[in-house]
Every structure is written in C-alpha cells, then in structure tokens.
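Asker: First the structure, which I've put down as structure tokens, then a few questions once you've had a look.
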Amino acid sequence: MTKSTDQILARMRELQEQLEEDVARRREEFRYRVENGRVVFEREARRHQREFRVRLRDFLRRTRPMTVITAPVIYSLIVPFVVLDLFVTIYQRVCFPVYGIQRVRRADFIRIDRHHLAYLNALQKLNCIYCGYGNGLIGYVQEIAGRTEAYWCPIKHAARVGTQHAYYAQFVDFGDAENFEPGLQEMRETVRQLER
C-alpha cells in the first residue's frame with residue numbers, strides 16, 4: 001500500500017469519527033438514547049413525534065395506485081433475501097474458521113429500529129423494517145464478500161468499480177506482479193486480525 005493510500009484511509013477514518021460525533025449530537029437534540037440495543041425516547045419527545053403521524057387511512061388515500069400495484073414485487077424480494085441471508089451465514093460459519101478469517105457480526109449490519117419512531121404509522125413502520133433488513137443484509141453480504149476477496153484475491157480491478165468494500169483501497173494495484181504475493185499475505189493477516 002502506498003503512503004498516499006495510507007493518508008487517504010487515515011483521513012477517511014477521521015471523517016467517519018466526525019460523522020459519529022455529529023450523530024451523537026443529533027441524538028441529544030432529538031432526545032433519545034440507545035440502551036442495550038434498544039432506542040429509548042424521552043416521554044415529551046415521543047409525544048411531540050406523535051403529533052406528526054399521518055393516520056394510516058389518510059396515508060393510503062394519498063398513495064398512488066402504481067405504488068400499490070408494485071408493492072408485491074418489492075415485498076417478494078423477502079424470499080431471496082432470507083435465502084441469501086441463510087446461505088452467506090452458513091458460508092462464513094463453515095469457511096471462515098478454516099482460513100482464520102474473523103467472522104462478520106450480522107447484528108452490526110442489520111438494524112431494525114425505525115419502528116420506534118412515533119411519527120410513523122403501521123405501514124410506514126413495516127416498510128422501514130423491510131428496508132432496514134434488506135439494506136442491512138446487503139451490507140452484511142458485502143462485508144463477507146469483501147473479506148473473502150481480501151483473503152483470496154486482493155487485486156484492484158483495471159477499471160473503476162461502482163462501489164468498494166472497506167478493504168479494496170488496500171489491495172495490490174492491477175498489474176503489480178512484484179507486490180502481489182506480499183500484498184496477498186498482508187491482506188490475509190488483515191482479515192485474520194479484525195476485531196470480533
């Protein structure tokens with residue numbers, strides 16, 4: 001990894017810490033805390049939120065017909081999501097210990113907490129649960145795939161890729177034959193040393 005890559009990654013970590021500090025400030029502003037993974041709002045904050053809830057009947061009346069028609073297509077993805085979740089979880093539980101790769105904690109990615117918001121009606125809460133699961137699952141799968149790629153093939157692509165996992169910036173440059181083997185060993189150590 002080059003010195004400039006190290007500097008960029010360090011700056012990215014700094015920015016991530018700043019984002020976390022901003023979230024903590026906003027948490028105070030909206031008067032909630034997280035206790036044992038559960039969101040707890042101050043009583044007055046929940047009362048204030050309820051004032052903004054749109055009744056389910058009014059919400060459905062304002063919903064476009066095409067939204068209702070496409071909803072079954074959207075919700076049908078739950079089946080492949082659950083199958084994917086099951087398969088990648090089994091995959092990492094079976095394979096990662098063999099190679100000494102640290103397992104990915106599913107709970108670090110799949111967050112179902114938006115249903116605690118008093119300003120959402122029942123259907124909005126259901127939608128938020130679905131999106132929290134679906135998007136969290138994709139992040140979970142990407143992390144598992146990223147660790148797998150880092151272990152077996154830590155080489156950057158020749159062309160730019162749309163999205164990159166957390167390890168990609170540390171991969172060996174495309175065409176850098178001289179540094180492939182040392183880079184491979186370095187990335188294997190990286191995924192073995194990750195915190196649980």
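Residues in the structure tokens are named by chain (A, B, ... in the order shown) and by number from 1 within that chain; ligands are numbered from 1 in the order shown.
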Skipping near chain neighbours, those fewer than 2 positions away, what residues fall within 12 Å of segment 14-29 of chain A using only C-alpha atoms, listed as a CSV table (one decimal) with C-alpha atoms, in the first residue's frame?
Answerer:
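What follows is the written file around.csv:
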```
chain,number,residue,atom,x,y,z
A,7,GLN,CA,-3.0,9.0,4.3
A,8,ILE,CA,-6.4,8.9,2.4
A,9,LEU,CA,-7.5,6.0,4.6
A,10,ALA,CA,-6.5,7.8,7.8
A,11,ARG,CA,-8.5,10.9,6.6
A,12,MET,CA,-11.5,8.7,5.9
A,31,ARG,CA,-33.8,13.4,23.0
A,32,TYR,CA,-33.2,9.7,22.7
A,33,ARG,CA,-30.6,7.2,23.8
A,34,VAL,CA,-29.7,3.6,23.0
A,39,VAL,CA,-34.0,3.0,21.4
A,40,VAL,CA,-35.5,5.0,24.3
A,41,PHE,CA,-37.1,8.4,23.7
A,42,GLU,CA,-37.9,10.9,26.4
A,45,ALA,CA,-40.1,13.7,22.5
```
Asker: Identify all residues of chain A in helix (DSSP H, G or I) (DSSP on the backbone) and supply them as JSON, numbers by chain.
Answerer: {"A": [3, 4, 5, 6, 7, 8, 9, 10, 11, 12, 13, 14, 15, 16, 17, 18, 19, 20, 21, 22, 23, 24, 25, 26, 27, 28, 29, 43, 44, 45, 46, 47, 48, 49, 50, 56, 57, 58, 59, 60, 61, 62, 65, 66, 67, 68, 69, 70, 71, 72, 73, 74, 75, 76, 78, 79, 80, 81, 82, 83, 84, 85, 86, 87, 88, 89, 90, 91, 92, 93, 94, 95, 96, 97, 98, 99, 106, 107, 108, 114, 115, 116, 122, 123, 124, 125, 126, 127, 128, 129, 130, 131, 132, 133, 134, 135, 136, 137, 138, 139, 140, 141, 142, 143, 144, 145, 146, 147, 148, 149, 150, 151, 152, 168, 169, 170, 177, 178, 179, 180, 181, 182, 183, 184, 185, 186, 187, 188, 189, 190, 191, 192, 193]}
Asker: For Arg13 of chain A, which of A:His157, A:His116, A:Gly132, A:Ala166 is the closest residue, counting only C-alpha atoms?
Answerer: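 Of A:His157, A:His116, A:Gly132, A:Ala166, the one nearest Arg13 of chain A, counting only C-alpha atoms, is A:Ala166.
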Asker: Rounded to one decimal, what separation in Å do you get between atom CA of Arg50 of chain A and atom CA of Phe30 of chain A?
Answerer: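 Calculated distance between atom CA of Arg50 of chain A and atom CA of Phe30 of chain A is 13.5 Å.
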Asker: Neighbours of Cys153 of chain A within 12 Å (only C-alpha atoms; same-chain residues fewer than 6 positions away dropped), as a compact mmCIF listing (two decimals) with C-alpha atoms, in the first residue's frame?
Answerer:
```txt
# COMPACT_ATOMS: atom_id res chain seq x y z
CA ALA A 145 -17.64 -10.98 0.27
CA GLY A 146 -15.05 -8.26 0.92
CA ARG A 147 -13.24 -10.36 3.50
CA TYR A 167 -10.59 -3.48 2.11
CA TYR A 168 -10.44 -2.57 -1.56
CA GLN A 170 -5.55 -1.67 0.42
CA PHE A 171 -5.50 -4.17 -2.46
CA VAL A 172 -2.48 -4.56 -4.73
CA ASP A 173 -2.61 -2.45 -7.88
CA PHE A 174 -3.71 -4.15 -11.10
CA PHE A 180 1.08 -9.44 -5.37
CA GLU A 181 2.43 -12.16 -3.09
CA GLY A 183 0.15 -7.94 -0.65
CA LEU A 184 -1.77 -11.21 -0.52
CA GLN A 185 -0.06 -12.19 2.73
CA GLU A 186 -0.65 -8.72 4.20
CA MET A 187 -4.37 -8.81 3.37
CA ARG A 188 -4.72 -12.30 4.83
```
Asker: Run DSSP on the backbone and give me the residues of chain A it puts in strand (DSSP E or B), as an MDAnalysis selection string.
Answerer: chainID A and resid 32:35 38:41 155 172
Asker: I need the residue nearest Arg43 of chain A from this list: A:Thr5, A:Val94, A:Gln142, A:Ala118. Use only C-alpha atoms for the distance.
Answerer: A:Ala118
Asker: Quick one: residues within 10 Å of Leu120 of chain A, only C-alpha atoms, excluding same-chain residues fewer than 2 positions away - as a ChimeraX atom specification?
Answerer: /A:49-50,52-56,114-118,122-126,128
Asker: With C-alpha atoms retained, export the selected residues as a compact mmCIF listing (two decimals), in the first residue's frame.
Answerer:
```txt
# COMPACT_ATOMS: atom_id res chain seq x y z
CA GLN A 49 -43.41 12.87 17.36
CA ARG A 50 -46.97 11.53 17.57
CA PHE A 52 -46.69 14.39 13.10
CA ARG A 53 -48.02 10.87 12.45
CA VAL A 54 -50.21 10.55 9.36
CA ARG A 55 -53.13 8.21 10.00
CA LEU A 56 -52.98 5.00 8.00
CA ARG A 114 -37.05 2.71 12.97
CA HIS A 115 -40.31 1.19 14.18
CA HIS A 116 -39.66 3.02 17.47
CA LEU A 117 -40.43 6.33 15.76
CA ALA A 118 -43.83 7.55 16.94
CA ALA A 122 -48.04 0.99 10.99
CA LEU A 123 -47.42 0.63 7.24
CA GLN A 124 -44.50 3.05 7.30
CA LYS A 125 -43.02 1.10 10.20
CA LEU A 126 -43.39 -2.16 8.27
CA CYS A 128 -38.84 0.65 7.50
```
Asker: Fewer than 5 positions away in the same chain doesn't count, so skip those; otherwise give me all residues within 9 Å of segment 79-92 of chain A, counting only C-alpha atoms, as number ranges by chain.
Answerer: A: 97, 101, 103-104, 106, 133-134, 137-138, 140-141, 144-145
Asker: From the options A:Ala169, A:Cys95, A:Ala177, A:Ile129, which residue's atoms come nearest to Thr148 of chain A, counting only C-alpha atoms?
Answerer: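 Nearest to Thr148 of chain A: A:Cys95.
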